[in-house]
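Raw contents of model09.txt, compact mmCIF, C-alpha atoms:
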# COMPACT_ATOMS: atom_id res chain seq x y z
CA MET A 16 92.07 -10.08 87.59
CA ASN A 17 94.67 -7.84 89.24
CA SER A 18 97.15 -9.06 91.81
CA LEU A 19 96.61 -7.69 95.31
CA ALA A 20 99.21 -5.77 97.32
CA VAL A 21 98.76 -4.99 101.02
CA ILE A 22 100.62 -1.97 102.44
CA THR A 23 100.76 -1.38 106.19
CA GLY A 24 101.58 2.14 107.28
CA ALA A 25 99.93 3.23 104.04
CA THR A 26 99.08 6.71 105.31
CA GLY A 27 102.74 7.48 105.99
CA GLY A 28 105.00 9.18 103.47
CA ILE A 29 106.81 6.08 102.19
CA GLY A 30 103.80 3.78 102.50
CA GLY A 31 101.55 6.19 100.63
CA ALA A 32 104.08 6.68 97.84
CA ILE A 33 104.53 2.89 97.50
CA ALA A 34 100.76 2.40 97.33
CA GLU A 35 100.52 5.00 94.57
CA ALA A 36 103.40 3.41 92.64
CA LEU A 37 101.87 -0.08 92.94
CA CYS A 38 98.54 1.21 91.63
CA ALA A 39 100.39 2.66 88.66
CA GLN A 40 101.93 -0.79 88.10
CA GLY A 41 98.47 -2.35 87.86
CA TYR A 42 98.14 -3.82 91.34
CA SER A 43 94.98 -3.64 93.35
CA VAL A 44 95.95 -2.25 96.73
CA CYS A 45 94.83 -2.73 100.31
CA LEU A 46 95.69 0.28 102.46
CA VAL A 47 96.29 -0.38 106.15
CA GLY A 48 96.70 2.34 108.77
CA ARG A 49 95.55 3.69 112.11
CA ASP A 50 94.24 7.10 110.98
CA GLN A 51 90.75 6.56 109.57
CA GLN A 52 90.46 10.07 108.17
CA LYS A 53 93.72 9.75 106.23
CA LEU A 54 92.75 6.24 105.06
CA THR A 55 89.41 7.48 103.73
CA SER A 56 91.03 10.38 101.90
CA MET A 57 93.78 8.24 100.39
CA HIS A 58 91.32 5.52 99.40
CA ALA A 59 89.20 8.04 97.51
CA GLU A 60 92.21 9.62 95.81
CA LEU A 61 93.67 6.32 94.58
CA ALA A 62 90.28 5.00 93.48
CA SER A 63 89.66 8.10 91.37
CA CYS A 64 93.14 8.16 89.81
CA HIS A 65 93.48 4.43 89.09
CA THR A 66 90.08 3.21 87.93
CA GLY A 67 91.51 -0.04 86.55
CA ALA A 68 92.50 -1.31 89.98
CA SER A 69 90.53 -2.05 93.12
CA VAL A 70 91.32 -0.14 96.30
CA TYR A 71 90.56 -1.49 99.77
CA SER A 72 91.33 0.02 103.15
CA PHE A 73 91.38 -1.28 106.71
CA ASN A 74 91.82 0.63 109.93
CA CYS A 75 94.23 -1.45 112.00
CA ASP A 76 96.69 -1.05 114.85
CA ILE A 77 99.21 -3.76 113.99
CA THR A 78 100.50 -3.86 117.56
CA GLU A 79 97.16 -5.37 118.66
CA SER A 80 96.83 -9.15 118.23
CA LEU A 81 93.07 -9.25 117.56
CA GLN A 82 93.34 -6.45 115.00
CA ARG A 83 96.15 -8.28 113.20
CA GLU A 84 94.02 -11.43 113.03
CA SER A 85 91.01 -9.49 111.76
CA LEU A 86 93.12 -7.74 109.11
CA VAL A 87 94.52 -10.97 107.70
CA GLN A 88 91.09 -12.61 107.68
CA SER A 89 89.66 -9.62 105.79
CA VAL A 90 92.49 -9.69 103.26
CA MET A 91 92.08 -13.42 102.68
CA ALA A 92 88.38 -12.84 101.93
CA ILE A 93 89.26 -10.55 99.00
CA LYS A 94 88.80 -12.38 95.71
CA GLU A 95 91.90 -10.96 94.00
CA PRO A 96 95.02 -13.11 94.53
CA LEU A 97 97.40 -11.88 97.22
CA ALA A 98 100.81 -11.38 95.59
CA LEU A 99 102.57 -8.80 97.75
CA TRP A 100 102.59 -7.78 101.41
CA VAL A 101 104.58 -4.68 102.34
CA ASN A 102 105.28 -3.84 105.98
CA THR A 103 106.08 -0.12 106.06
CA ALA A 104 104.52 0.94 109.38
CA GLY A 105 107.13 2.45 111.65
CA ILE A 106 107.90 5.14 114.22
CA ASN A 107 111.07 6.96 115.18
CA GLN A 108 112.10 9.04 118.19
CA PHE A 109 115.37 10.95 117.87
CA GLY A 110 117.34 11.60 121.04
CA LEU A 111 120.21 10.43 123.22
CA PHE A 112 119.47 6.94 124.51
CA GLU A 113 120.15 7.69 128.19
CA GLY A 114 117.54 10.45 128.13
CA GLN A 115 114.73 8.50 126.46
CA ASP A 116 111.75 7.24 128.42
CA GLU A 117 111.41 3.48 128.73
CA GLN A 118 108.04 3.57 126.95
CA VAL A 119 109.53 5.43 123.98
CA ILE A 120 112.15 2.69 123.60
CA MET A 121 109.59 -0.08 123.96
CA ASP A 122 107.19 1.53 121.47
CA GLN A 123 109.84 1.71 118.75
CA LEU A 124 110.70 -1.96 119.19
CA ALA A 125 107.02 -2.92 119.26
CA VAL A 126 105.95 -1.03 116.12
CA ASN A 127 109.11 -1.44 114.05
CA ALA A 128 110.06 -5.04 114.86
CA THR A 129 107.68 -7.09 117.01
CA ALA A 130 104.44 -6.11 115.24
CA PRO A 131 105.64 -6.80 111.67
CA MET A 132 107.14 -10.10 112.83
CA LEU A 133 103.87 -11.23 114.39
CA LEU A 134 101.82 -9.90 111.47
CA THR A 135 104.04 -11.79 109.02
CA LYS A 136 103.55 -14.95 111.09
CA THR A 137 99.78 -14.53 110.84
CA VAL A 138 100.02 -14.03 107.08
CA ILE A 139 102.20 -17.05 106.35
CA CYS A 140 99.98 -19.24 108.51
CA ALA A 141 96.95 -18.17 106.46
CA VAL A 142 98.24 -18.53 102.90
CA ASP A 143 99.00 -21.46 100.61
CA LYS A 144 102.80 -21.68 100.72
CA ALA A 145 102.85 -23.24 97.26
CA LYS A 146 101.54 -19.99 95.74
CA PRO A 147 103.98 -17.12 95.04
CA LEU A 148 103.94 -14.32 97.61
CA GLN A 149 106.49 -11.60 98.29
CA ILE A 150 106.61 -10.15 101.79
CA ILE A 151 108.77 -7.04 101.89
CA ASN A 152 109.79 -5.50 105.20
CA VAL A 153 110.72 -1.85 104.84
CA GLY A 154 113.64 -1.05 107.08
CA SER A 155 116.33 1.62 106.97
CA THR A 156 120.02 2.07 106.37
CA PHE A 157 120.07 2.41 110.17
CA GLY A 158 119.20 -1.29 110.22
CA THR A 159 122.73 -1.93 108.96
CA ILE A 160 124.61 1.09 110.29
CA GLY A 161 123.97 1.79 113.99
CA TYR A 162 123.67 5.57 114.32
CA ALA A 163 124.02 7.83 117.35
CA GLY A 164 120.77 9.53 118.34
CA PHE A 165 118.76 6.65 116.87
CA VAL A 166 119.80 3.81 119.17
CA ALA A 167 116.41 2.17 119.76
CA TYR A 168 115.32 2.85 116.18
CA SER A 169 118.51 1.27 114.85
CA ALA A 170 118.04 -1.73 117.13
CA SER A 171 114.49 -2.22 115.86
CA LYS A 172 115.56 -2.07 112.22
CA PHE A 173 118.53 -4.39 112.83
CA ALA A 174 115.98 -6.82 114.30
CA LEU A 175 113.72 -6.45 111.28
CA ARG A 176 116.61 -7.10 108.90
CA GLY A 177 117.72 -10.19 110.83
CA PHE A 178 114.16 -11.45 110.97
CA SER A 179 113.76 -11.02 107.20
CA GLU A 180 117.00 -12.84 106.47
CA ALA A 181 116.32 -15.74 108.84
CA LEU A 182 112.69 -16.24 107.84
CA GLY A 183 113.59 -16.00 104.17
CA ARG A 184 115.99 -18.89 104.63
CA GLU A 185 113.44 -20.85 106.66
CA LEU A 186 110.87 -20.49 103.86
CA SER A 187 113.29 -21.05 100.99
CA ASP A 188 111.62 -24.38 100.17
CA THR A 189 108.26 -22.62 99.64
CA ALA A 190 106.93 -20.09 97.11
CA ILE A 191 107.03 -17.31 99.73
CA GLN A 192 109.89 -14.83 99.44
CA ILE A 193 110.83 -12.65 102.41
CA CYS A 194 112.66 -9.45 101.48
CA TYR A 195 114.17 -6.42 103.19
CA PHE A 196 114.16 -2.96 101.59
CA ALA A 197 116.17 -0.17 103.22
CA PRO A 198 115.62 3.47 102.25
CA ARG A 199 117.96 6.18 103.47
CA ALA A 200 116.74 9.42 105.10
CA THR A 201 113.41 10.40 103.55
CA LYS A 202 111.33 13.59 103.77
CA THR A 203 108.39 12.34 105.80
CA ALA A 204 106.52 13.34 108.95
CA ILE A 205 108.44 10.68 110.91
CA ASN A 206 111.31 13.17 111.11
CA ALA A 207 111.03 15.91 113.73
CA PRO A 208 112.12 19.42 112.66
CA ASN A 209 115.42 19.13 114.54
CA VAL A 210 116.20 15.90 112.64
CA VAL A 211 115.68 17.72 109.36
CA ALA A 212 117.87 20.58 110.59
CA MET A 213 120.57 18.14 111.74
CA ASN A 214 120.55 16.38 108.37
CA GLN A 215 120.95 19.73 106.64
CA ALA A 216 123.88 20.60 108.92
CA LEU A 217 125.50 17.22 108.22
CA LYS A 218 124.70 17.48 104.49
CA VAL A 219 122.70 14.25 104.63
CA VAL A 220 120.58 13.77 101.52
CA MET A 221 116.86 13.25 102.21
CA ASP A 222 114.89 11.62 99.40
CA GLU A 223 111.34 12.55 98.46
CA PRO A 224 108.89 9.64 99.04
CA PRO A 225 108.12 9.18 95.28
CA ILE A 226 111.86 8.65 94.67
CA VAL A 227 111.89 5.93 97.33
CA ALA A 228 108.76 4.40 95.81
CA GLN A 229 110.36 4.16 92.37
CA ALA A 230 113.41 2.51 93.93
CA PHE A 231 111.01 0.12 95.66
CA ILE A 232 109.41 -0.82 92.32
CA ARG A 233 112.82 -1.56 90.83
CA PHE A 234 113.67 -3.66 93.88
CA LEU A 235 110.36 -5.51 93.63
CA GLN A 236 110.96 -6.33 89.99
CA SER A 237 114.53 -7.49 90.65
CA ARG A 238 113.30 -10.25 92.99
CA ALA A 239 116.37 -9.60 95.17
CA ALA A 240 116.22 -10.48 98.87
CA ILE A 241 117.70 -7.21 100.13
CA GLY A 242 117.98 -3.73 98.68
CA TYR A 243 119.34 -0.34 99.72
CA VAL A 244 118.60 3.13 98.42
CA GLY A 245 121.16 5.82 97.67
CA PHE A 246 124.87 6.53 97.64
CA PRO A 247 126.99 6.80 99.78
CA GLU A 248 124.64 5.01 102.20
CA THR A 249 124.74 1.77 100.21
CA PHE A 250 128.54 1.91 100.15
CA PHE A 251 128.77 2.59 103.90
CA ALA A 252 126.40 -0.31 104.62
CA ARG A 253 128.78 -2.66 102.84
CA ILE A 254 131.85 -1.19 104.51
CA ASN A 255 130.17 -1.39 107.92
CA SER A 256 129.64 -5.13 107.52
CA LEU A 257 133.32 -5.65 106.67
CA LEU A 258 135.18 -2.89 108.51
CA PRO A 259 132.89 -1.38 111.16
CA SER A 260 135.75 0.48 112.84
CA VAL A 261 136.25 2.55 109.67
CA VAL A 262 132.61 3.65 109.72
CA SER A 263 132.77 4.30 113.48
CA LYS A 264 135.69 6.70 112.99
CA ALA A 265 133.87 8.53 110.21
CA LEU A 266 130.65 8.86 112.20
CA LYS A 267 132.44 9.96 115.37
CA LYS A 268 133.23 13.24 113.60
CA GLN A 269 129.47 13.87 113.38
CA LEU A 270 128.87 13.18 117.08
CA PRO A 271 129.11 16.79 118.36
CA THR A 272 126.50 17.91 115.83
CA ILE A 273 124.24 14.93 116.59
CA LYS A 274 124.44 15.58 120.33
CA ALA A 275 123.72 19.27 119.90
CA TYR A 276 120.49 18.60 118.02
CA ALA A 277 119.54 15.68 120.29
CA VAL A 278 119.93 17.81 123.42
CA GLN A 279 117.84 20.52 121.75
CA HIS A 280 115.10 17.92 121.28
CA GLN A 281 115.26 16.44 124.77
CA GLY A 282 115.96 19.62 126.64

Starting from the file, lay out its structure as structure tokens.
Amino acid sequence: MNSLAVITGATGGIGGAIAEALCAQGYSVCLVGRDQQKLTSMHAELASCHTGASVYSFNCDITESLQRESLVQSVMAIKEPLALWVNTAGINQFGLFEGQDEQVIMDQLAVNATAPMLLTKTVICAVDKAKPLQIINVGSTFGTIGYAGFVAYSASKFALRGFSEALGRELSDTAIQICYFAPRATKTAINAPNVVAMNQALKVVMDEPPIVAQAFIRFLQSRAAIGYVGFPETFFARINSLLPSVVSKALKKQLPTIKAYAVQHQG
């Protein structure tokens, strides 16, 4: 019997690539997303390519309490043992903070931080804590390095990282492991065209989703509590925790370019 992995945000670029990689590793996968058409298509594709594993899919808005409860109940009814839960669902809105609508700010915090926290709570209340389970929250390097133009997004990912660290310590006397995995910029639909253009202007490397997925598999197998993807981002994350003023000075040089592209987006 295969182990079961649940992936929220499975129809997104990173979530879809992780689901594909987990299938290739022999997991049965449960795809979770809000777009039924994309879920159906992805379900069919994975089922045809990986006949040795089961594929399940659930349409779910994780910001809705009743839908979270229904999702967890459905997952617990699956006969294959739950071994891995991956929270990848997320949204991002680039722009200068003072010009962003209140709802845009609230939505990023709700989807990126509050919803995965509450979903994780529902999961850990439903499982046997004596049985091994990895819960991996997919964050961002912006969850360690606060970045201009991504203020609310950074705040949401900082929250997710702190949540993962604190809950991991709270559950350290159980068989449940809480982890945090932080990709750098990735070529997905979450990035608006002006973000891609800005990254090109700043010479920021953007990884393809399959590259991130392979890094995720290595992280999963390492059993580490926290993992970052890419250099120099990993280096800057460490420096930022020790000498934030050094990173602030380096990033200030990018500010005119960031503001130019942010104003283009909000204007």

Closest to Gly154 (chain A) among A:Gly67, A:Pro259, A:Gly41, A:Gly30, using all atoms listed in the file?
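Ranked by minimum distance to Gly154 (chain A), first place goes to A:Gly30.
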
So which one's closest to Ala145 (chain A), A:Ile191, A:Ala34, A:Ala98, A:Ala228? Using only C-alpha atoms, please.
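Using only C-alpha atoms, Ala145 (chain A) sits closest to A:Ile191.
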
What's the separation between CA of Met91 (chain A) and CA of Asp122 (chain A), in Å to one decimal place?
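Separation of CA of Met91 (chain A) and CA of Asp122 (chain A): 28.4 Å.
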
Pick from A:Ser187, A:Gln269, A:Thr103, A:Ser256, whichever lies nearest to Lys218 (chain A) using all atoms listed in the file
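Once distances to Lys218 (chain A) are computed over all atoms listed in the file, the minimum belongs to A:Gln269.
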
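For the pair CA of Lys268 (chain A) and CA of Ser169 (chain A), the interatomic distance is 19.0 Å.
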
Just the number, please: distance in Å from CA of Leu99 (chain A) to CA of Leu19 (chain A), one decimal.
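Computing it gives 6.5 Å between the two atoms.
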
Counting all atoms listed in the file, the residue among A:Leu81, A:Cys194, A:Val219, A:Leu61 that lies closest to Leu134 (chain A) is A:Leu81

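Considering the residues A:Phe251, A:Phe231, A:Leu217, A:Leu54 and counting only C-alpha atoms, Pro271 (chain A) has its shortest atom-to-atom contact with A:Leu217.
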
For Ala204 (chain A), work out the shell of residues within 9 Å, counting all atoms listed in the file and skipping chain neighbours fewer than 2 positions away, then give it as a short mmCIF file (atom, residue, chain, number, x, y, z; two decimals) with C-alpha atoms, keeping the file's coordinate frame.
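Below is the file out_9.cif, written as the result:
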data_model
loop_
_atom_site.label_atom_id
_atom_site.label_comp_id
_atom_site.auth_asym_id
_atom_site.auth_seq_id
_atom_site.Cartn_x
_atom_site.Cartn_y
_atom_site.Cartn_z
CA GLY A 27 102.74 7.48 105.99
CA GLY A 28 105.00 9.18 103.47
CA LYS A 202 111.33 13.59 103.77
CA ASN A 206 111.31 13.17 111.11
CA ALA A 207 111.03 15.91 113.73
#

Just checking: using all atoms listed in the file, which residue out of A:His58, A:Arg184, A:Arg253, A:Lys144 ends up closest to Asn74 (chain A)?
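Of all the options, A:His58 lies closest to Asn74 (chain A).
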
Kindly output region 81-107 of chain A as a compact mmCIF listing (two decimals), keeping the file's coordinate frame, after building N, CA and C atoms.
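Writing the result to part-v9.txt gives the following:
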# COMPACT_ATOMS: atom_id res chain seq x y z
N LEU A 81 94.39 -9.01 118.16
CA LEU A 81 93.07 -9.25 117.56
C LEU A 81 92.89 -8.46 116.27
N GLN A 82 93.45 -7.26 116.23
CA GLN A 82 93.34 -6.45 115.00
C GLN A 82 94.19 -7.04 113.88
N ARG A 83 95.34 -7.60 114.22
CA ARG A 83 96.15 -8.28 113.20
C ARG A 83 95.38 -9.46 112.61
N GLU A 84 94.79 -10.27 113.48
CA GLU A 84 94.02 -11.43 113.03
C GLU A 84 92.86 -11.01 112.13
N SER A 85 92.15 -9.97 112.54
CA SER A 85 91.01 -9.49 111.76
C SER A 85 91.46 -8.97 110.40
N LEU A 86 92.59 -8.26 110.37
CA LEU A 86 93.12 -7.74 109.11
C LEU A 86 93.42 -8.87 108.14
N VAL A 87 94.14 -9.87 108.59
CA VAL A 87 94.52 -10.97 107.70
C VAL A 87 93.28 -11.73 107.22
N GLN A 88 92.32 -11.95 108.09
CA GLN A 88 91.09 -12.61 107.68
C GLN A 88 90.36 -11.81 106.61
N SER A 89 90.33 -10.48 106.78
CA SER A 89 89.66 -9.62 105.79
C SER A 89 90.39 -9.65 104.45
N VAL A 90 91.71 -9.64 104.50
CA VAL A 90 92.49 -9.69 103.26
C VAL A 90 92.27 -11.03 102.54
N MET A 91 92.26 -12.11 103.29
CA MET A 91 92.08 -13.42 102.68
C MET A 91 90.70 -13.58 102.06
N ALA A 92 89.74 -12.77 102.49
CA ALA A 92 88.38 -12.84 101.93
C ALA A 92 88.26 -12.09 100.60
N ILE A 93 89.27 -11.27 100.28
CA ILE A 93 89.26 -10.55 99.00
C ILE A 93 89.50 -11.54 97.86
N LYS A 94 88.75 -11.40 96.80
CA LYS A 94 88.80 -12.38 95.71
C LYS A 94 90.07 -12.29 94.87
N GLU A 95 90.68 -11.11 94.80
CA GLU A 95 91.90 -10.96 94.00
C GLU A 95 93.07 -11.66 94.69
N PRO A 96 93.94 -12.31 93.93
CA PRO A 96 95.02 -13.11 94.53
C PRO A 96 96.07 -12.24 95.22
N LEU A 97 96.38 -12.61 96.46
CA LEU A 97 97.40 -11.88 97.22
C LEU A 97 98.78 -12.21 96.67
N ALA A 98 99.48 -11.18 96.18
CA ALA A 98 100.81 -11.38 95.59
C ALA A 98 101.91 -10.67 96.36
N LEU A 99 101.55 -9.64 97.12
CA LEU A 99 102.57 -8.80 97.75
C LEU A 99 102.05 -8.26 99.08
N TRP A 100 102.89 -8.37 100.11
CA TRP A 100 102.59 -7.78 101.41
C TRP A 100 103.77 -6.91 101.80
N VAL A 101 103.51 -5.63 102.04
CA VAL A 101 104.58 -4.68 102.34
C VAL A 101 104.39 -4.10 103.74
N ASN A 102 105.32 -4.37 104.62
CA ASN A 102 105.28 -3.84 105.98
C ASN A 102 106.09 -2.55 106.05
N THR A 103 105.38 -1.41 106.00
CA THR A 103 106.08 -0.12 106.06
C THR A 103 105.83 0.64 107.36
N ALA A 104 104.85 0.20 108.16
CA ALA A 104 104.52 0.94 109.38
C ALA A 104 105.74 1.06 110.29
N GLY A 105 105.98 2.26 110.79
CA GLY A 105 107.13 2.45 111.65
C GLY A 105 107.07 3.80 112.37
N ILE A 106 107.78 3.89 113.48
CA ILE A 106 107.90 5.14 114.22
C ILE A 106 109.37 5.36 114.57
N ASN A 107 109.68 6.62 114.89
CA ASN A 107 111.07 6.96 115.18
C ASN A 107 111.09 8.09 116.20
